[in-house]
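Next up, coords_15.txt (compact mmCIF, C-alpha atoms):
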# COMPACT_ATOMS: atom_id res chain seq x y z
CA MET A 1193 -127.92 -38.29 132.53
CA ILE A 1194 -126.84 -36.22 129.56
CA ALA A 1195 -125.24 -33.68 131.91
CA VAL A 1196 -123.29 -36.48 133.61
CA GLU A 1197 -121.97 -37.78 130.29
CA LEU A 1198 -121.01 -34.30 129.12
CA ARG A 1199 -119.21 -33.67 132.41
CA LYS A 1200 -117.27 -36.91 131.95
CA LEU A 1201 -116.46 -35.86 128.40
CA VAL A 1202 -115.03 -32.52 129.45
CA LEU A 1203 -113.07 -33.85 132.41
CA ARG A 1204 -111.38 -36.80 130.67
CA PRO A 1205 -107.73 -35.98 129.81
CA ARG A 1206 -107.69 -38.56 127.00
CA VAL A 1207 -110.50 -36.69 125.24
CA TRP A 1208 -108.44 -33.54 125.08
CA LEU A 1209 -105.33 -35.52 124.18
CA SER A 1210 -107.11 -37.02 121.17
CA ILE A 1211 -108.27 -33.57 120.06
CA LEU A 1212 -104.77 -32.17 120.55
CA LEU A 1213 -103.33 -34.93 118.35
CA LEU A 1214 -105.93 -34.12 115.68
CA CYS A 1215 -104.79 -30.48 115.71
CA ALA A 1216 -101.12 -31.47 115.65
CA VAL A 1217 -101.32 -33.01 112.18
CA PRO A 1218 -102.47 -29.84 110.33
CA ALA A 1219 -100.13 -27.73 112.48
CA LEU A 1220 -97.12 -29.82 111.48
CA VAL A 1221 -98.08 -29.68 107.80
CA ALA A 1222 -98.53 -25.89 108.00
CA ILE A 1223 -95.07 -25.46 109.51
CA LEU A 1224 -93.51 -27.66 106.83
CA LEU A 1225 -95.30 -25.71 104.08
CA SER A 1226 -94.19 -22.36 105.50
CA VAL A 1227 -90.57 -23.50 105.85
CA SER A 1228 -90.29 -25.16 102.43
CA ASP A 1229 -92.68 -22.76 100.64
CA LEU A 1230 -93.67 -25.72 98.50
CA ALA A 1231 -97.24 -26.84 97.95
CA PRO A 1232 -98.61 -29.43 95.53
CA PRO A 1233 -99.66 -28.14 92.10
CA PRO A 1234 -103.35 -27.23 91.69
CA GLY A 1235 -105.46 -30.36 91.44
CA GLN A 1236 -102.85 -32.53 93.13
CA GLY A 1237 -102.19 -33.43 96.75
CA GLY A 1238 -104.59 -32.63 99.57
CA ALA A 1239 -107.59 -30.42 99.01
CA PHE A 1240 -106.84 -26.66 99.24
CA LEU A 1241 -103.11 -27.19 99.93
CA SER A 1242 -102.17 -25.58 96.63
CA ALA A 1243 -104.00 -22.38 97.67
CA VAL A 1244 -103.06 -21.94 101.30
CA LEU A 1245 -99.65 -20.39 100.59
CA ASP A 1246 -101.50 -17.39 99.15
CA ASN A 1247 -104.38 -17.41 101.63
CA GLY A 1248 -104.19 -18.77 105.15
CA SER A 1249 -107.94 -18.26 105.59
CA LEU A 1250 -108.44 -21.45 103.59
CA TYR A 1251 -106.23 -23.51 105.84
CA PRO A 1252 -109.14 -24.77 108.02
CA ALA A 1253 -110.57 -26.44 104.90
CA ALA A 1254 -107.18 -27.99 104.15
CA ALA A 1255 -106.94 -29.16 107.76
CA LEU A 1256 -110.35 -30.83 107.57
CA ALA A 1257 -109.28 -32.62 104.39
CA MET A 1258 -106.20 -33.93 106.26
CA VAL A 1259 -107.92 -35.30 109.36
CA LEU A 1260 -111.14 -36.62 107.79
CA PRO A 1261 -110.02 -39.76 105.91
CA VAL A 1262 -108.16 -41.45 108.80
CA PHE A 1263 -107.40 -39.46 111.95
CA LEU A 1264 -110.87 -38.14 112.77
CA PRO A 1265 -112.63 -41.50 112.18
CA LEU A 1266 -109.95 -43.17 114.32
CA ALA A 1267 -110.63 -40.77 117.20
CA VAL A 1268 -114.39 -41.26 116.82
CA ALA A 1269 -114.02 -45.05 116.76
CA VAL A 1270 -111.97 -45.05 119.96
CA TYR A 1271 -114.38 -42.72 121.78
CA ALA A 1272 -117.57 -44.45 120.63
CA GLY A 1273 -116.11 -47.92 121.14
CA ASP A 1274 -115.42 -47.03 124.75
CA ALA A 1275 -118.92 -45.67 125.38
CA ILE A 1276 -120.52 -48.91 126.65
CA ALA A 1277 -117.72 -51.48 126.46
CA GLY A 1278 -115.40 -49.23 128.46
CA GLU A 1279 -117.96 -48.94 131.24
CA ALA A 1280 -118.34 -52.72 131.27
CA ALA A 1281 -114.59 -53.30 131.32
CA THR A 1282 -114.07 -51.00 134.31
CA GLY A 1283 -117.05 -52.46 136.17
CA THR A 1284 -119.03 -49.22 136.29
CA LEU A 1285 -121.80 -50.19 133.89
CA ARG A 1286 -123.67 -52.27 136.46
CA TYR A 1287 -123.58 -49.42 138.97
CA LEU A 1288 -124.85 -46.97 136.38
CA LEU A 1289 -127.85 -49.18 135.74
CA VAL A 1290 -128.50 -49.82 139.44
CA ARG A 1291 -129.49 -46.20 139.74
CA PRO A 1292 -132.95 -45.27 138.39
CA VAL A 1293 -131.57 -44.78 134.89
CA GLY A 1294 -133.17 -46.75 132.08
CA ARG A 1295 -130.96 -48.36 129.45
CA PRO A 1296 -132.48 -46.36 126.58
CA ARG A 1297 -131.84 -43.16 128.52
CA LEU A 1298 -128.22 -44.13 129.16
CA LEU A 1299 -127.67 -45.07 125.52
CA SER A 1300 -129.25 -41.81 124.33
CA ALA A 1301 -126.96 -39.85 126.65
CA LYS A 1302 -123.98 -41.70 125.18
CA LEU A 1303 -125.11 -40.74 121.66
CA VAL A 1304 -125.49 -37.08 122.63
CA ALA A 1305 -122.03 -37.09 124.22
CA LEU A 1306 -120.62 -38.69 121.06
CA GLY A 1307 -122.13 -35.94 118.93
CA VAL A 1308 -120.73 -33.25 121.24
CA TYR A 1309 -117.29 -34.88 121.14
CA ILE A 1310 -117.29 -34.91 117.33
CA MET A 1311 -118.45 -31.30 117.13
CA LEU A 1312 -115.87 -30.21 119.69
CA ALA A 1313 -113.06 -32.02 117.89
CA VAL A 1314 -113.94 -30.57 114.48
CA LEU A 1315 -114.40 -27.02 115.80
CA VAL A 1316 -111.08 -27.07 117.66
CA VAL A 1317 -109.32 -28.28 114.51
CA VAL A 1318 -110.95 -25.49 112.48
CA VAL A 1319 -110.17 -22.72 114.99
CA SER A 1320 -106.57 -23.82 115.59
CA SER A 1321 -105.85 -24.28 111.89
CA LEU A 1322 -107.37 -20.87 111.09
CA ALA A 1323 -105.06 -19.22 113.62
CA ILE A 1324 -102.04 -21.11 112.30
CA GLY A 1325 -102.95 -20.48 108.67
CA VAL A 1326 -103.41 -16.73 109.07
CA LEU A 1327 -100.27 -16.49 111.20
CA LEU A 1328 -98.05 -18.34 108.72
CA PHE A 1329 -99.61 -17.48 105.36
CA GLY A 1330 -101.61 -14.27 105.88
CA THR A 1331 -105.07 -13.58 104.51
CA GLY A 1332 -104.16 -13.28 100.86
CA ALA A 1333 -105.99 -9.98 100.43
CA GLU A 1334 -103.60 -8.88 97.70
CA ALA A 1335 -104.39 -12.00 95.67
CA VAL A 1336 -108.07 -11.15 95.16
CA GLY A 1337 -107.99 -7.40 95.68
CA GLN A 1338 -110.37 -7.45 98.64
CA PRO A 1339 -109.39 -7.62 102.31
CA GLY A 1340 -110.09 -11.06 103.71
CA ALA A 1341 -111.71 -12.38 100.51
CA VAL A 1342 -110.80 -15.78 99.07
CA THR A 1343 -111.21 -17.56 95.77
CA SER A 1344 -113.54 -20.56 95.66
CA LEU A 1345 -112.73 -23.83 93.91
CA SER A 1346 -114.78 -22.59 90.98
CA GLY A 1347 -112.77 -19.36 90.68
CA ALA A 1348 -115.39 -17.04 92.19
CA THR A 1349 -114.50 -14.59 94.95
CA LEU A 1350 -115.96 -15.30 98.38
CA GLU A 1351 -116.37 -12.57 100.96
CA PRO A 1352 -115.20 -13.37 104.52
CA ALA A 1353 -118.78 -13.69 105.79
CA GLU A 1354 -119.70 -16.07 102.97
CA LEU A 1355 -116.54 -18.11 103.54
CA ALA A 1356 -117.41 -18.39 107.24
CA VAL A 1357 -120.94 -19.60 106.45
CA ARG A 1358 -119.66 -22.20 104.01
CA LEU A 1359 -117.02 -23.36 106.47
CA LEU A 1360 -119.65 -23.78 109.19
CA ALA A 1361 -121.83 -25.71 106.74
CA ALA A 1362 -118.87 -27.98 105.96
CA VAL A 1363 -118.28 -28.48 109.68
CA GLY A 1364 -121.93 -29.46 110.16
CA TYR A 1365 -121.75 -31.91 107.27
CA ILE A 1366 -118.59 -33.53 108.65
CA VAL A 1367 -120.13 -33.80 112.12
CA VAL A 1368 -123.15 -35.61 110.68
CA SER A 1369 -120.88 -37.90 108.63
CA MET A 1370 -118.79 -38.80 111.66
CA LEU A 1371 -121.92 -39.29 113.79
CA GLY A 1372 -123.12 -41.91 111.30
CA PHE A 1373 -119.80 -43.74 111.59
CA GLY A 1374 -119.70 -43.23 115.35
CA THR A 1375 -123.10 -44.88 115.72
CA ILE A 1376 -121.67 -47.98 114.06
CA ALA A 1377 -118.89 -47.99 116.66
CA LEU A 1378 -121.47 -47.45 119.41
CA PHE A 1379 -123.33 -50.53 118.19
CA PHE A 1380 -120.15 -52.62 118.39
CA SER A 1381 -119.59 -51.21 121.87
CA THR A 1382 -122.88 -52.76 122.99
CA LEU A 1383 -121.79 -56.14 121.60
CA SER A 1384 -118.50 -56.38 123.48
CA ASP A 1385 -116.98 -55.79 126.89
CA SER A 1386 -113.74 -54.70 125.21
CA ALA A 1387 -113.46 -51.07 124.12
CA LEU A 1388 -110.47 -51.96 121.95
CA GLY A 1389 -112.44 -54.73 120.25
CA ALA A 1390 -115.33 -52.38 119.50
CA ALA A 1391 -112.97 -49.74 118.10
CA LEU A 1392 -111.16 -52.29 115.94
CA ALA A 1393 -114.44 -53.66 114.59
CA SER A 1394 -115.59 -50.19 113.55
CA LEU A 1395 -112.19 -49.49 111.98
CA ALA A 1396 -112.57 -52.74 110.03
CA VAL A 1397 -115.82 -51.33 108.64
CA LEU A 1398 -114.00 -48.12 107.73
CA ILE A 1399 -111.19 -49.98 105.94
CA ALA A 1400 -113.58 -52.30 104.12
CA SER A 1401 -115.70 -49.36 102.95
CA SER A 1402 -112.61 -47.47 101.74
CA ILE A 1403 -111.35 -50.51 99.82
CA LEU A 1404 -114.72 -51.22 98.23
CA GLN A 1405 -114.85 -47.63 96.97
CA THR A 1406 -111.80 -48.34 94.80
CA LEU A 1407 -113.29 -51.48 93.17
CA ASP A 1408 -115.37 -51.24 90.01
CA ALA A 1409 -117.14 -54.46 90.95
CA ALA A 1410 -118.57 -52.68 94.01
CA ASP A 1411 -120.30 -49.96 91.98
CA PRO A 1412 -123.84 -51.15 92.87
CA ILE A 1413 -123.21 -50.77 96.62
CA LYS A 1414 -120.94 -47.70 96.61
CA PRO A 1415 -123.82 -45.23 97.18
CA TYR A 1416 -124.58 -47.07 100.43
CA LEU A 1417 -121.05 -47.27 101.84
CA PRO A 1418 -120.53 -45.12 104.97
CA THR A 1419 -117.47 -43.38 103.51
CA ASN A 1420 -118.87 -42.74 100.04
CA TYR A 1421 -119.97 -39.12 100.53
CA TRP A 1422 -117.55 -38.06 103.26
CA LEU A 1423 -115.58 -35.74 100.98
CA SER A 1424 -118.68 -34.08 99.55
CA TRP A 1425 -118.23 -31.24 102.08
CA ILE A 1426 -115.73 -29.83 99.57
CA ASP A 1427 -118.70 -28.94 97.36
CA PHE A 1428 -119.58 -26.17 99.82
CA PHE A 1429 -116.53 -24.31 98.47
CA ARG A 1430 -117.72 -24.36 94.87
CA ASP A 1431 -119.80 -21.64 93.29
CA PRO A 1432 -122.61 -22.43 93.04
CA ILE A 1433 -122.67 -25.05 95.79
CA LEU A 1434 -123.18 -28.56 94.39
CA TRP A 1435 -125.99 -29.95 96.55
CA HIS A 1436 -126.52 -33.31 94.86
CA ASN A 1437 -123.93 -35.36 96.78
CA ILE A 1438 -124.32 -33.27 99.92
CA ASP A 1439 -128.03 -34.12 100.16
CA ARG A 1440 -127.36 -37.78 99.48
CA GLY A 1441 -124.59 -37.87 102.06
CA LEU A 1442 -126.79 -36.35 104.76
CA LEU A 1443 -129.62 -38.77 103.96
CA LEU A 1444 -127.24 -41.75 104.03
CA GLN A 1445 -125.71 -40.79 107.39
CA ALA A 1446 -129.15 -40.19 108.87
CA GLY A 1447 -130.02 -43.73 107.81
CA TYR A 1448 -126.91 -45.10 109.50
CA VAL A 1449 -127.71 -43.24 112.70
CA ILE A 1450 -131.28 -44.53 112.78
CA VAL A 1451 -130.43 -48.14 111.88
CA PHE A 1452 -127.38 -48.62 114.09
CA PHE A 1453 -128.71 -46.67 117.05
CA GLY A 1454 -131.87 -48.76 116.81
CA ALA A 1455 -129.74 -51.91 116.71
CA SER A 1456 -127.72 -50.66 119.69
CA TRP A 1457 -130.94 -49.96 121.57
CA ALA A 1458 -132.35 -53.42 120.81
CA ASN A 1459 -129.15 -55.21 121.79
CA PHE A 1460 -128.35 -53.19 124.89
CA GLY A 1461 -131.95 -53.32 126.12
CA THR A 1462 -131.85 -57.12 126.41
CA LYS A 1463 -128.18 -57.64 127.22
CA ASP A 1464 -127.16 -59.36 130.45
CA ILE A 1465 -124.93 -56.99 132.40
CA THR A 1466 -122.31 -58.98 134.27
CA SER A 1467 -119.78 -56.22 134.95

As structure tokens, how would this structure be written, given the file I've shared?
Amino acid sequence: MIAVELRKLVLRPRVWLSILLLCAVPALVAILLSVSDLAPPPGQGGAFLSAVLDNGSLYPAAALAMVLPVFLPLAVAVYAGDAIAGEAATGTLRYLLVRPVGRPRLLSAKLVALGVYIMLAVLVVVVSSLAIGVLLFGTGAEAVGQPGAVTSLSGATLEPAELAVRLLAAVGYIVVSMLGFGTIALFFSTLSDSALGAALASLAVLIASSILQTLDAADPIKPYLPTNYWLSWIDFFRDPILWHNIDRGLLLQAGYVIVFFGASWANFGTKDITS
């Protein structure tokens, strides 16, 4: 069942279109930066944008900072919202369950495919933005005196191998964060026969969480909001790495995955399939 879902993932044109659109945003910003040669002052604007003019190797981090707040969650919401509701809307869900495939097995396959989609999207953004960044801005070797080395947010020099490890760690953290949010969308997908309705419901959760983070009155619940620790991946680029928020973010997202996948399982396991 997992192989079937992964095959559907790879063969769907809209999957690749969504990933292409994710890559287009950092690419457009990179072109504008290279043409204007203007970046925000240090500490202002998007993360890492003030440094990429001197070192294109950091552009993948800047690209992740661009797509994470809105574009990546939007893509995840659309994909996860379509997981069950889309099958019901097209009339294929009943035929899937007619075969000797249990509902928990089908739902687990959908979760695995969701995780693969998120990982694929993030990795393509990183690889494409690295190529664009190095092509347009170079590697900045002259800035730090070492070929391929970069300067961390704390001012320390990072060797290329260390930068690659930290970037992969950031990718893993973002994948887990998006999987937690995607599981919420998957839960809504089991509640509705409309993929659009499931996606909009999960986006409503995203917007509400983002708004609550700006309110002082919401301080008691901020540590439990799904978006609260999303930007903690930036701490991988400090020296030393600040693990406090990273650990809390991973624990929080694991909780969301367990709770909402369990809720999806309970709802989908007893749901009447009429389409």

Q) Given the choices A:Ala1280, A:Leu1443, A:Leu1266, A:Leu1312, which gets closest to Ala1391 of chain A if the distance is worked out from all atoms listed in the file? A)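 Result for the nearest residue to Ala1391 of chain A: A:Leu1266.
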
Q. What does the distance from atom CA of Arg1295 of chain A to atom CA of Trp1208 of chain A come to in Å, to one decimal?
A.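 Separating atom CA of Arg1295 of chain A from atom CA of Trp1208 of chain A is a distance of 27.3 Å.
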
Q. From the list A:Gly1441, A:Gly1325, A:Pro1205, A:Pro1296, which residue is nearest Gly1248 of chain A when using only C-alpha atoms?
A.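 Comparing A:Gly1441, A:Gly1325, A:Pro1205, A:Pro1296 against Gly1248 of chain A, the winner is A:Gly1325.
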
Show me as a compact mmCIF listing (two decimals) with C-alpha atoms, keeping the file's coordinate frame the residues that reach within 8 Å of (-114.8, -49.6, 105.1), counting only C-alpha atoms and using the file's own coordinates.
# COMPACT_ATOMS: atom_id res chain seq x y z
CA LEU A 1395 -112.19 -49.49 111.98
CA ALA A 1396 -112.57 -52.74 110.03
CA VAL A 1397 -115.82 -51.33 108.64
CA LEU A 1398 -114.00 -48.12 107.73
CA ILE A 1399 -111.19 -49.98 105.94
CA ALA A 1400 -113.58 -52.30 104.12
CA SER A 1401 -115.70 -49.36 102.95
CA SER A 1402 -112.61 -47.47 101.74
CA ILE A 1403 -111.35 -50.51 99.82
CA LEU A 1404 -114.72 -51.22 98.23
CA LEU A 1417 -121.05 -47.27 101.84
CA PRO A 1418 -120.53 -45.12 104.97
CA THR A 1419 -117.47 -43.38 103.51

Q.
Please determine, counting only C-alpha atoms, which residue among A:Phe1452, A:Phe1329, A:Trp1422, A:Tyr1271 has the shortest atom-to-atom distance to Ala1257 of chain A.
A.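 Smallest distance to Ala1257 of chain A is found for A:Trp1422.
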
Q.
List the spatial neighbours of Ala1281 of chain A as a list of chain:residue names - criterion: any atom at most 8 Å away, all atoms listed in the file, same-chain residues fewer than 4 positions off excluded.
A.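 So, after excluding close chain neighbours, the residues are A:Ala1277, A:Asp1385, A:Ser1386, A:Ala1387, A:Ser1467.
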
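The spacing separating atom CA of Leu1245 of chain A from atom CA of Leu1220 of chain A amounts to 14.6 Å.
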
Q. Do you have the atom CA of Thr1331 of chain A-atom CA of Glu1351 of chain A distance handy?
A.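 Between these atoms lies a distance of 11.9 Å.
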
Q.
Which residue is closest to Arg1204 of chain A? Choose from A:Leu1260, A:Val1304, A:Tyr1309, A:Ala1323 and count all atoms listed in the file.
A.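 Closest to Arg1204 of chain A of all the choices is A:Tyr1309.
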
Q: Find the residue from A:Gln1405, A:Thr1282, A:Asp1431, A:Phe1380 that sits nearest to Asn1459 of chain A; use all atoms listed in the file when measuring.
A: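 The answer is A:Phe1380, which sits nearest to Asn1459 of chain A.
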